[in-house]
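In what follows, a structure is listed as structure tokens, so that the remarks can point back to it.
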Amino acid sequence: MLGDPIELESVTYAYGDGALRREVLRDVALRVAPGEIVILTGPSGSGKTTLLTLVGALRAAQAGSLRVLGQELAGAGEGVRVSLRQRIGFIFQSHNLLGFLTARQNVAMALELDGAIEERARLARAGEMMAAVGLAEHTEKLPGQLSGGQRQRVAVARALVHAPSLVLADEPTAALDRASGGEVVRLLRDLARSRGTAILLVTHDPRILDVADRIVMMEDGRVVSGSAASVLPAGAPAGLAAPGGAPRG
Ligand SMILES: Nc1ncnc2c1ncn2[C@@H]1O[C@H](COP(=O)(O)OP(=O)(O)OP(=O)(O)O)[C@@H](O)[C@H]1O
């Protein structure tokens, strides 16, 4: 793929029309490099989720340039957005697993879009992914028989099973306690790193900021720090680009 998984320039977005029009993103620029893990944080209402849903092609772009996995989304129709969404892994606040399918079937579902893979192979790959998230013993359980942290690990497996180059996560730890929240994002980071998958993760959760290569802070629809494409040197403490972070070096 030419370019970075995420390349945004001058992105502006408003809800409502006429007198009700309200701009919630203003002139946002953001790049995320292959394999890079970027956390998007900032106060409630600053536009983080709106930005994530634009990047995920879950809503139509209005202004600016948005290249995601090489696809320009400015002016793109629903067909283009649907096929881009199939190439991205999504993880949401609540795991969004189907309660009547086993954990493994939930993971395998993410492969159904790829008609070339037959069901046995899909289930086998889902089983391998379940093992990678430490749930080899739980593949045949229903989501209701798993703990919150285990369910979110199933969601991680589902997001990664089709080997996407990009994962988008919206508050993945919001429903979890400290220990299981930290475990889930570290697992996501390690699996993504080993596969060269880029991650853009929206969170309010200060306990997980240390998993990021870079922290991008939003305020009132603007990126106020950390938007550079820099990747910290390996082994450097994360979060150096954050406001108030220690100086580099
Ligand atoms: N569908 C919508 N229609 C109108 N306004 C909306 C809609 N969705 C979000 N907004 C408004 O847009 C602004 C940005 O919302 P957004 O959810 O992107 O912020 P956020 O930073 O993700 O907030 P939070 O951290 O609370 O989830 C907020 O003022 C919100 O009220």
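Order determines the names: the first chain of the structure tokens is A, the second B, and so forth; residues in each chain are numbered 1 upward, and ligands are numbered 1 upward as they are shown.
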List all protein, DNA and RNA residues that have at least one atom no more than 10 Å from any atom of ligand 1, counting only C-alpha atoms and all ligand atoms, and write them as a PDB file with N, CA and C atoms, in the first residue's frame.
ATOM      1  N   TYR A  13     -16.138  18.859   9.828  1.00  0.00           N
ATOM      2  CA  TYR A  13     -17.410  18.122   9.827  1.00  0.00           C
ATOM      3  C   TYR A  13     -18.414  18.859  10.697  1.00  0.00           C
ATOM      4  N   ALA A  14     -19.665  18.943  10.230  1.00  0.00           N
ATOM      5  CA  ALA A  14     -20.719  19.608  11.005  1.00  0.00           C
ATOM      6  C   ALA A  14     -21.952  18.729  11.069  1.00  0.00           C
ATOM      7  N   TYR A  15     -22.641  18.748  12.204  1.00  0.00           N
ATOM      8  CA  TYR A  15     -23.964  18.132  12.319  1.00  0.00           C
ATOM      9  C   TYR A  15     -25.002  19.227  12.098  1.00  0.00           C
ATOM     10  N   GLY A  16     -26.151  18.870  11.548  1.00  0.00           N
ATOM     11  CA  GLY A  16     -27.251  19.827  11.388  1.00  0.00           C
ATOM     12  C   GLY A  16     -27.070  20.733  10.198  1.00  0.00           C
ATOM     13  N   LEU A  20     -29.169  25.357  12.572  1.00  0.00           N
ATOM     14  CA  LEU A  20     -28.822  24.295  13.532  1.00  0.00           C
ATOM     15  C   LEU A  20     -27.432  23.703  13.270  1.00  0.00           C
ATOM     16  N   ARG A  21     -26.788  24.202  12.215  1.00  0.00           N
ATOM     17  CA  ARG A  21     -25.481  23.645  11.857  1.00  0.00           C
ATOM     18  C   ARG A  21     -24.468  23.868  12.977  1.00  0.00           C
ATOM     19  N   ARG A  22     -23.773  22.793  13.338  1.00  0.00           N
ATOM     20  CA  ARG A  22     -22.793  22.897  14.402  1.00  0.00           C
ATOM     21  C   ARG A  22     -21.512  22.176  13.980  1.00  0.00           C
ATOM     22  N   GLU A  23     -20.449  22.947  13.856  1.00  0.00           N
ATOM     23  CA  GLU A  23     -19.191  22.356  13.417  1.00  0.00           C
ATOM     24  C   GLU A  23     -18.551  21.622  14.590  1.00  0.00           C
ATOM     25  N   VAL A  24     -18.266  20.342  14.419  1.00  0.00           N
ATOM     26  CA  VAL A  24     -17.668  19.595  15.526  1.00  0.00           C
ATOM     27  C   VAL A  24     -16.242  19.137  15.215  1.00  0.00           C
ATOM     28  N   LEU A  25     -15.828  19.242  13.945  1.00  0.00           N
ATOM     29  CA  LEU A  25     -14.415  19.019  13.606  1.00  0.00           C
ATOM     30  C   LEU A  25     -13.956  20.182  12.747  1.00  0.00           C
ATOM     31  N   LEU A  40      -6.361   8.653  20.680  1.00  0.00           N
ATOM     32  CA  LEU A  40      -7.029   9.928  20.499  1.00  0.00           C
ATOM     33  C   LEU A  40      -7.788  10.197  21.789  1.00  0.00           C
ATOM     34  N   THR A  41      -7.439  11.304  22.446  1.00  0.00           N
ATOM     35  CA  THR A  41      -8.092  11.586  23.709  1.00  0.00           C
ATOM     36  C   THR A  41      -8.475  13.059  23.778  1.00  0.00           C
ATOM     37  N   GLY A  42      -9.150  13.446  24.851  1.00  0.00           N
ATOM     38  CA  GLY A  42      -9.614  14.826  24.968  1.00  0.00           C
ATOM     39  C   GLY A  42     -10.972  14.854  25.637  1.00  0.00           C
ATOM     40  N   PRO A  43     -11.457  16.055  25.986  1.00  0.00           N
ATOM     41  CA  PRO A  43     -12.696  16.155  26.745  1.00  0.00           C
ATOM     42  C   PRO A  43     -13.906  15.607  25.996  1.00  0.00           C
ATOM     43  N   SER A  44     -14.937  15.305  26.763  1.00  0.00           N
ATOM     44  CA  SER A  44     -16.187  14.836  26.186  1.00  0.00           C
ATOM     45  C   SER A  44     -16.715  15.895  25.219  1.00  0.00           C
ATOM     46  N   GLY A  45     -17.166  15.444  24.055  1.00  0.00           N
ATOM     47  CA  GLY A  45     -17.722  16.377  23.070  1.00  0.00           C
ATOM     48  C   GLY A  45     -16.676  17.026  22.184  1.00  0.00           C
ATOM     49  N   SER A  46     -15.410  16.649  22.317  1.00  0.00           N
ATOM     50  CA  SER A  46     -14.366  17.313  21.523  1.00  0.00           C
ATOM     51  C   SER A  46     -14.314  16.799  20.082  1.00  0.00           C
ATOM     52  N   GLY A  47     -15.050  15.734  19.778  1.00  0.00           N
ATOM     53  CA  GLY A  47     -15.137  15.282  18.385  1.00  0.00           C
ATOM     54  C   GLY A  47     -14.426  13.976  18.091  1.00  0.00           C
ATOM     55  N   LYS A  48     -13.974  13.265  19.128  1.00  0.00           N
ATOM     56  CA  LYS A  48     -13.175  12.061  18.920  1.00  0.00           C
ATOM     57  C   LYS A  48     -13.954  10.972  18.179  1.00  0.00           C
ATOM     58  N   THR A  49     -15.168  10.700  18.668  1.00  0.00           N
ATOM     59  CA  THR A  49     -15.945   9.621  18.052  1.00  0.00           C
ATOM     60  C   THR A  49     -16.353   9.998  16.634  1.00  0.00           C
ATOM     61  N   THR A  50     -16.687  11.270  16.434  1.00  0.00           N
ATOM     62  CA  THR A  50     -17.034  11.706  15.076  1.00  0.00           C
ATOM     63  C   THR A  50     -15.856  11.452  14.139  1.00  0.00           C
ATOM     64  N   LEU A  51     -14.652  11.789  14.596  1.00  0.00           N
ATOM     65  CA  LEU A  51     -13.467  11.578  13.756  1.00  0.00           C
ATOM     66  C   LEU A  51     -13.257  10.084  13.485  1.00  0.00           C
ATOM     67  N   LEU A  52     -13.417   9.269  14.518  1.00  0.00           N
ATOM     68  CA  LEU A  52     -13.214   7.824  14.344  1.00  0.00           C
ATOM     69  C   LEU A  52     -14.228   7.239  13.348  1.00  0.00           C
ATOM     70  N   THR A  53     -15.472   7.702  13.420  1.00  0.00           N
ATOM     71  CA  THR A  53     -16.490   7.152  12.511  1.00  0.00           C
ATOM     72  C   THR A  53     -16.255   7.634  11.070  1.00  0.00           C
ATOM     73  N   LEU A  54     -15.666   8.812  10.905  1.00  0.00           N
ATOM     74  CA  LEU A  54     -15.304   9.258   9.545  1.00  0.00           C
ATOM     75  C   LEU A  54     -14.189   8.384   8.986  1.00  0.00           C
ATOM     76  N   ASP A 170     -13.137   2.240  19.797  1.00  0.00           N
ATOM     77  CA  ASP A 170     -13.808   3.356  20.477  1.00  0.00           C
ATOM     78  C   ASP A 170     -14.080   2.964  21.921  1.00  0.00           C
ATOM     79  N   GLU A 171     -13.355   3.554  22.853  1.00  0.00           N
ATOM     80  CA  GLU A 171     -13.517   3.302  24.285  1.00  0.00           C
ATOM     81  C   GLU A 171     -13.563   1.800  24.605  1.00  0.00           C
ATOM     82  N   VAL A 202      -9.769   5.551  20.511  1.00  0.00           N
ATOM     83  CA  VAL A 202     -10.345   6.682  21.246  1.00  0.00           C
ATOM     84  C   VAL A 202     -10.544   6.265  22.690  1.00  0.00           C
ATOM     85  N   THR A 203     -10.075   7.075  23.619  1.00  0.00           N
ATOM     86  CA  THR A 203     -10.325   6.737  25.030  1.00  0.00           C
ATOM     87  C   THR A 203     -10.299   7.962  25.936  1.00  0.00           C
ATOM     88  N   HIS A 204     -11.042   7.853  27.032  1.00  0.00           N
ATOM     89  CA  HIS A 204     -10.969   8.787  28.146  1.00  0.00           C
ATOM     90  C   HIS A 204     -10.109   8.208  29.245  1.00  0.00           C
ATOM     91  N   MET A 218      -7.475  16.081  21.450  1.00  0.00           N
ATOM     92  CA  MET A 218      -8.443  16.947  20.762  1.00  0.00           C
ATOM     93  C   MET A 218      -9.131  17.856  21.753  1.00  0.00           C
ATOM     94  N   GLU A 219      -9.492  19.041  21.275  1.00  0.00           N
ATOM     95  CA  GLU A 219     -10.256  19.981  22.080  1.00  0.00           C
ATOM     96  C   GLU A 219     -11.137  20.762  21.139  1.00  0.00           C
ATOM     97  N   ASP A 220     -12.422  20.782  21.424  1.00  0.00           N
ATOM     98  CA  ASP A 220     -13.344  21.601  20.657  1.00  0.00           C
ATOM     99  C   ASP A 220     -13.186  21.416  19.141  1.00  0.00           C
ATOM    100  N   GLY A 221     -13.095  20.168  18.717  1.00  0.00           N
ATOM    101  CA  GLY A 221     -13.058  19.880  17.282  1.00  0.00           C
ATOM    102  C   GLY A 221     -11.706  20.020  16.619  1.00  0.00           C
TER     103      GLY A 221
END
Leaving out Ala192 of chain A and any residue of its chain fewer than 3 positions from it, which residues lie within 9 Å of it when counting only C-alpha atoms, given as number ranges by chain? A: 35-37, 160, 165-167, 187-189, 195-199
I need the residues from that last selection saved to file as a PDB file, in the first residue's frame (with C-alpha atoms), if you can.
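Listing of part.pdb after writing:
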ATOM      1  CA  GLY A  35       2.015  -0.578  12.834  1.00  0.00           C
ATOM      2  CA  GLU A  36       1.669   2.635  14.820  1.00  0.00           C
ATOM      3  CA  ILE A  37      -0.639   2.803  17.832  1.00  0.00           C
ATOM      4  CA  LEU A 160      -8.036  -9.042  13.938  1.00  0.00           C
ATOM      5  CA  SER A 165      -4.027  -3.263   8.223  1.00  0.00           C
ATOM      6  CA  LEU A 166      -6.025  -0.931  10.456  1.00  0.00           C
ATOM      7  CA  VAL A 167      -8.022  -1.363  13.671  1.00  0.00           C
ATOM      8  CA  LEU A 187      -3.112  -7.789  24.184  1.00  0.00           C
ATOM      9  CA  LEU A 188      -4.479  -5.718  21.301  1.00  0.00           C
ATOM     10  CA  ARG A 189      -1.214  -3.769  21.115  1.00  0.00           C
ATOM     11  CA  ARG A 195       1.217  -8.076  12.521  1.00  0.00           C
ATOM     12  CA  GLY A 196       2.149  -4.491  11.545  1.00  0.00           C
ATOM     13  CA  THR A 197      -1.460  -3.400  12.102  1.00  0.00           C
ATOM     14  CA  ALA A 198      -2.046   0.301  12.780  1.00  0.00           C
ATOM     15  CA  ILE A 199      -4.441   1.200  15.605  1.00  0.00           C
TER      16      ILE A 199
END
List the neighbours of Val211 of chain A out to 12 Å using only C-alpha atoms; skip same-chain residues closer than 2 positions along the sequence, and give me the result as number ranges by chain. A: 36-39, 181-190, 192-193, 199-201, 203, 205-209, 213-215, 235-240
From the options A:Ile6, A:Leu142, A:Val55, A:Met129, which residue's atoms come nearest to Ala157 of chain A, counting only C-alpha atoms?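 Nearest candidate to Ala157 of chain A out of A:Ile6, A:Leu142, A:Val55, A:Met129: A:Met129.
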Would you mind telling me which residue in A:Ala63, A:Ala136, A:Ala29, A:Val161 lies nearest to Gln86 of chain A when using only C-alpha atoms?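 Of all the options, A:Val161 lies closest to Gln86 of chain A.
Between Glu9 of chain A and the residues A:Glu128, A:Arg26, A:Ser65, A:Leu84, the shortest atom-to-atom distance, using only C-alpha atoms, involves A:Ser65.
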I need the residues in segment 94-197 of chain A that are alpha helix (DSSP H) according to DSSP; give them as a JSON list (two decimals) with N, CA and C atoms, in the first residue's frame.
[["chain", "number", "residue", "atom", "x", "y", "z"],
["A", 103, "ALA", "N", -18.48, -18.02, 21.03],
["A", 103, "ALA", "CA", -17.39, -17.05, 20.88],
["A", 103, "ALA", "C", -16.67, -17.27, 19.55],
["A", 104, "ARG", "N", -16.40, -18.54, 19.25],
["A", 104, "ARG", "CA", -15.67, -18.84, 18.01],
["A", 104, "ARG", "C", -16.49, -18.46, 16.77],
["A", 105, "GLN", "N", -17.81, -18.73, 16.83],
["A", 105, "GLN", "CA", -18.66, -18.36, 15.69],
["A", 105, "GLN", "C", -18.71, -16.84, 15.50],
["A", 106, "ASN", "N", -18.72, -16.11, 16.63],
["A", 106, "ASN", "CA", -18.69, -14.65, 16.52],
["A", 106, "ASN", "C", -17.42, -14.19, 15.80],
["A", 107, "VAL", "N", -16.30, -14.81, 16.14],
["A", 107, "VAL", "CA", -15.04, -14.42, 15.50],
["A", 107, "VAL", "C", -15.07, -14.82, 14.02],
["A", 108, "ALA", "N", -15.58, -16.02, 13.75],
["A", 108, "ALA", "CA", -15.61, -16.52, 12.36],
["A", 108, "ALA", "C", -16.48, -15.65, 11.47],
["A", 109, "MET", "N", -17.51, -15.02, 12.06],
["A", 109, "MET", "CA", -18.41, -14.18, 11.28],
["A", 109, "MET", "C", -17.68, -13.08, 10.53],
["A", 119, "GLU", "N", -16.50, -22.55, 5.31],
["A", 119, "GLU", "CA", -16.82, -22.46, 6.73],
["A", 119, "GLU", "C", -15.82, -23.16, 7.64],
["A", 120, "ARG", "N", -15.41, -24.37, 7.24],
["A", 120, "ARG", "CA", -14.44, -25.09, 8.10],
["A", 120, "ARG", "C", -13.17, -24.28, 8.31],
["A", 121, "ALA", "N", -12.70, -23.67, 7.22],
["A", 121, "ALA", "CA", -11.47, -22.88, 7.32],
["A", 121, "ALA", "C", -11.71, -21.64, 8.16],
["A", 122, "ARG", "N", -12.90, -21.06, 8.03],
["A", 122, "ARG", "CA", -13.22, -19.87, 8.83],
["A", 122, "ARG", "C", -13.19, -20.22, 10.31],
["A", 123, "LEU", "N", -13.82, -21.37, 10.65],
["A", 123, "LEU", "CA", -13.86, -21.76, 12.06],
["A", 123, "LEU", "C", -12.47, -22.10, 12.57],
["A", 124, "ALA", "N", -11.65, -22.69, 11.70],
["A", 124, "ALA", "CA", -10.28, -23.03, 12.12],
["A", 124, "ALA", "C", -9.49, -21.75, 12.39],
["A", 125, "ARG", "N", -9.62, -20.78, 11.49],
["A", 125, "ARG", "CA", -8.88, -19.53, 11.71],
["A", 125, "ARG", "C", -9.39, -18.81, 12.94],
["A", 126, "ALA", "N", -10.70, -18.85, 13.16],
["A", 126, "ALA", "CA", -11.28, -18.21, 14.35],
["A", 126, "ALA", "C", -10.73, -18.89, 15.60],
["A", 127, "GLY", "N", -10.59, -20.22, 15.56],
["A", 127, "GLY", "CA", -10.06, -20.96, 16.70],
["A", 127, "GLY", "C", -8.63, -20.55, 17.00],
["A", 128, "GLU", "N", -7.82, -20.37, 15.94],
["A", 128, "GLU", "CA", -6.43, -19.94, 16.14],
["A", 128, "GLU", "C", -6.38, -18.55, 16.77],
["A", 129, "MET", "N", -7.28, -17.68, 16.30],
["A", 129, "MET", "CA", -7.32, -16.31, 16.82],
["A", 129, "MET", "C", -7.78, -16.30, 18.28],
["A", 130, "MET", "N", -8.72, -17.20, 18.61],
["A", 130, "MET", "CA", -9.17, -17.32, 20.01],
["A", 130, "MET", "C", -7.99, -17.74, 20.88],
["A", 131, "ALA", "N", -7.16, -18.65, 20.37],
["A", 131, "ALA", "CA", -5.99, -19.08, 21.15],
["A", 131, "ALA", "C", -5.03, -17.90, 21.31],
["A", 132, "ALA", "N", -4.88, -17.09, 20.26],
["A", 132, "ALA", "CA", -3.95, -15.95, 20.33],
["A", 132, "ALA", "C", -4.38, -14.93, 21.39],
["A", 148, "GLY", "N", -16.62, -9.95, 31.37],
["A", 148, "GLY", "CA", -16.53, -8.76, 30.52],
["A", 148, "GLY", "C", -15.19, -8.68, 29.79],
["A", 149, "GLY", "N", -14.12, -8.95, 30.51],
["A", 149, "GLY", "CA", -12.78, -8.89, 29.90],
["A", 149, "GLY", "C", -12.61, -9.96, 28.83],
["A", 150, "GLN", "N", -13.16, -11.15, 29.10],
["A", 150, "GLN", "CA", -13.06, -12.22, 28.09],
["A", 150, "GLN", "C", -13.88, -11.87, 26.85],
["A", 151, "ARG", "N", -15.05, -11.28, 27.06],
["A", 151, "ARG", "CA", -15.87, -10.89, 25.90],
["A", 151, "ARG", "C", -15.12, -9.85, 25.06],
["A", 152, "GLN", "N", -14.45, -8.93, 25.73],
["A", 152, "GLN", "CA", -13.74, -7.91, 24.95],
["A", 152, "GLN", "C", -12.53, -8.53, 24.25],
["A", 153, "ARG", "N", -11.98, -9.60, 24.83],
["A", 153, "ARG", "CA", -10.89, -10.30, 24.11],
["A", 153, "ARG", "C", -11.43, -11.01, 22.88],
["A", 154, "VAL", "N", -12.66, -11.51, 22.97],
["A", 154, "VAL", "CA", -13.29, -12.10, 21.78],
["A", 154, "VAL", "C", -13.46, -11.00, 20.72],
["A", 155, "ALA", "N", -13.84, -9.80, 21.17],
["A", 155, "ALA", "CA", -14.01, -8.69, 20.23],
["A", 155, "ALA", "C", -12.67, -8.33, 19.57],
["A", 156, "VAL", "N", -11.58, -8.43, 20.33],
["A", 156, "VAL", "CA", -10.24, -8.20, 19.76],
["A", 156, "VAL", "C", -9.95, -9.27, 18.69],
["A", 157, "ALA", "N", -10.25, -10.52, 19.02],
["A", 157, "ALA", "CA", -10.02, -11.61, 18.06],
["A", 157, "ALA", "C", -10.84, -11.38, 16.79],
["A", 158, "ARG", "N", -12.09, -10.96, 16.96],
["A", 158, "ARG", "CA", -12.96, -10.73, 15.80],
["A", 158, "ARG", "C", -12.41, -9.58, 14.94],
["A", 159, "ALA", "N", -11.87, -8.55, 15.61],
["A", 159, "ALA", "CA", -11.35, -7.40, 14.85],
["A", 159, "ALA", "C", -10.09, -7.76, 14.07],
["A", 160, "LEU", "N", -9.33, -8.75, 14.56],
["A", 160, "LEU", "CA", -8.04, -9.04, 13.94],
["A", 160, "LEU", "C", -8.06, -10.26, 13.02],
["A", 178, "ARG", "N", -10.05, -1.95, 35.95],
["A", 178, "ARG", "CA", -8.69, -1.55, 35.62],
["A", 178, "ARG", "C", -7.85, -2.71, 35.10],
["A", 179, "ALA", "N", -7.88, -3.82, 35.82],
["A", 179, "ALA", "CA", -7.00, -4.93, 35.46],
["A", 179, "ALA", "C", -7.39, -5.49, 34.10],
["A", 180, "SER", "N", -8.68, -5.77, 33.89],
["A", 180, "SER", "CA", -9.02, -6.40, 32.62],
["A", 180, "SER", "C", -8.95, -5.40, 31.47],
["A", 181, "GLY", "N", -9.20, -4.11, 31.74],
["A", 181, "GLY", "CA", -9.05, -3.10, 30.68],
["A", 181, "GLY", "C", -7.62, -3.02, 30.19],
["A", 182, "GLY", "N", -6.69, -2.97, 31.15],
["A", 182, "GLY", "CA", -5.27, -2.90, 30.79],
["A", 182, "GLY", "C", -4.84, -4.14, 30.02],
["A", 183, "GLU", "N", -5.33, -5.30, 30.47],
["A", 183, "GLU", "CA", -4.97, -6.56, 29.82],
["A", 183, "GLU", "C", -5.45, -6.59, 28.36],
["A", 184, "VAL", "N", -6.68, -6.13, 28.15],
["A", 184, "VAL", "CA", -7.24, -6.17, 26.80],
["A", 184, "VAL", "C", -6.46, -5.26, 25.84],
["A", 185, "VAL", "N", -6.14, -4.03, 26.28],
["A", 185, "VAL", "CA", -5.45, -3.15, 25.33],
["A", 185, "VAL", "C", -4.00, -3.58, 25.11],
["A", 186, "ARG", "N", -3.39, -4.16, 26.13],
["A", 186, "ARG", "CA", -2.00, -4.64, 25.93],
["A", 186, "ARG", "C", -1.99, -5.82, 24.97],
["A", 187, "LEU", "N", -2.98, -6.66, 25.11],
["A", 187, "LEU", "CA", -3.11, -7.79, 24.18],
["A", 187, "LEU", "C", -3.33, -7.27, 22.75],
["A", 188, "LEU", "N", -4.22, -6.31, 22.62],
["A", 188, "LEU", "CA", -4.48, -5.72, 21.30],
["A", 188, "LEU", "C", -3.19, -5.12, 20.74],
["A", 189, "ARG", "N", -2.46, -4.39, 21.58],
["A", 189, "ARG", "CA", -1.21, -3.77, 21.11],
["A", 189, "ARG", "C", -0.21, -4.83, 20.66],
["A", 190, "ASP", "N", -0.03, -5.87, 21.46],
["A", 190, "ASP", "CA", 1.00, -6.87, 21.13],
["A", 190, "ASP", "C", 0.65, -7.61, 19.84],
["A", 191, "LEU", "N", -0.64, -7.96, 19.70],
["A", 191, "LEU", "CA", -1.04, -8.67, 18.48],
["A", 191, "LEU", "C", -0.91, -7.76, 17.27],
["A", 192, "ALA", "N", -1.30, -6.48, 17.44],
["A", 192, "ALA", "CA", -1.23, -5.54, 16.32],
["A", 192, "ALA", "C", 0.23, -5.32, 15.93],
["A", 193, "ARG", "N", 1.09, -5.14, 16.93],
["A", 193, "ARG", "CA", 2.52, -4.93, 16.65],
["A", 193, "ARG", "C", 3.10, -6.07, 15.85],
["A", 194, "SER", "N", 2.77, -7.29, 16.28],
["A", 194, "SER", "CA", 3.39, -8.44, 15.63],
["A", 194, "SER", "C", 2.89, -8.60, 14.20],
["A", 195, "ARG", "N", 1.77, -7.96, 13.87],
["A", 195, "ARG", "CA", 1.22, -8.08, 12.52],
["A", 195, "ARG", "C", 1.39, -6.80, 11.70]]
So which residues touch Leu30 of chain A within 10 Å, counting only C-alpha atoms, skipping near sequence neighbours fewer than 5 positions away, as a list in words?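 The neighbour list is Ile6, Glu7, Leu8, Glu9, Ser10, Val11, Leu66, Val216, Val223, Gly226, Ser227, Ala228 and Ala229 of chain A.
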Could you tell me which of A:Val32, A:Ile91, A:Ala169, A:Val82 comes closest to Arg67 of chain A if we count only C-alpha atoms? A:Val32
Go through segment 24-111 of chain A and collect every residue that DSSP, computed from the backbone, puts in strand (DSSP E or B); the answer should be as a list in words. Val24, Leu25, Arg26, Asp27, Val28, Ala29, Leu30, Arg31, Val32, Ile37, Val38, Ile39, Leu40, Thr41, Ala63, Gly64, Ser65, Leu66, Arg67, Val68, Gln71, Glu72, Ile88, Gly89, Phe90 and Ile91 of chain A
Just the selected residues (C-alpha atoms), exported as a PDB file, in the first residue's frame, please.
ATOM      1  CA  VAL A  24     -17.668  19.595  15.526  1.00  0.00           C
ATOM      2  CA  LEU A  25     -14.415  19.019  13.606  1.00  0.00           C
ATOM      3  CA  ARG A  26     -12.304  21.879  12.357  1.00  0.00           C
ATOM      4  CA  ASP A  27      -9.325  21.578  10.064  1.00  0.00           C
ATOM      5  CA  VAL A  28      -8.143  18.256  11.495  1.00  0.00           C
ATOM      6  CA  ALA A  29      -4.904  16.735  10.183  1.00  0.00           C
ATOM      7  CA  LEU A  30      -3.794  13.294  11.317  1.00  0.00           C
ATOM      8  CA  ARG A  31      -1.480  10.586  10.027  1.00  0.00           C
ATOM      9  CA  VAL A  32      -1.065   7.122  11.413  1.00  0.00           C
ATOM     10  CA  ILE A  37      -0.639   2.803  17.832  1.00  0.00           C
ATOM     11  CA  VAL A  38      -2.212   6.210  18.291  1.00  0.00           C
ATOM     12  CA  ILE A  39      -4.538   7.146  21.126  1.00  0.00           C
ATOM     13  CA  LEU A  40      -7.029   9.928  20.499  1.00  0.00           C
ATOM     14  CA  THR A  41      -8.092  11.586  23.709  1.00  0.00           C
ATOM     15  CA  ALA A  63     -14.849  18.527   3.663  1.00  0.00           C
ATOM     16  CA  GLY A  64     -11.126  17.891   3.538  1.00  0.00           C
ATOM     17  CA  SER A  65      -9.109  14.919   2.376  1.00  0.00           C
ATOM     18  CA  LEU A  66      -9.400  11.533   4.103  1.00  0.00           C
ATOM     19  CA  ARG A  67      -7.247   8.718   2.750  1.00  0.00           C
ATOM     20  CA  VAL A  68      -7.783   5.490   4.655  1.00  0.00           C
ATOM     21  CA  GLN A  71      -8.862   4.945  -0.380  1.00  0.00           C
ATOM     22  CA  GLU A  72      -9.894   8.616  -0.696  1.00  0.00           C
ATOM     23  CA  ILE A  88     -10.900  -2.437   8.840  1.00  0.00           C
ATOM     24  CA  GLY A  89     -11.168  -4.130  12.255  1.00  0.00           C
ATOM     25  CA  PHE A  90     -13.584  -2.426  14.652  1.00  0.00           C
ATOM     26  CA  ILE A  91     -13.744  -2.689  18.450  1.00  0.00           C
TER      27      ILE A  91
END
What is the atom CA of Glu137 of chain A-atom CA of Ala174 of chain A distance in Å, reported with one decimal?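 Separation between atom CA of Glu137 of chain A and atom CA of Ala174 of chain A: 25.4 Å.
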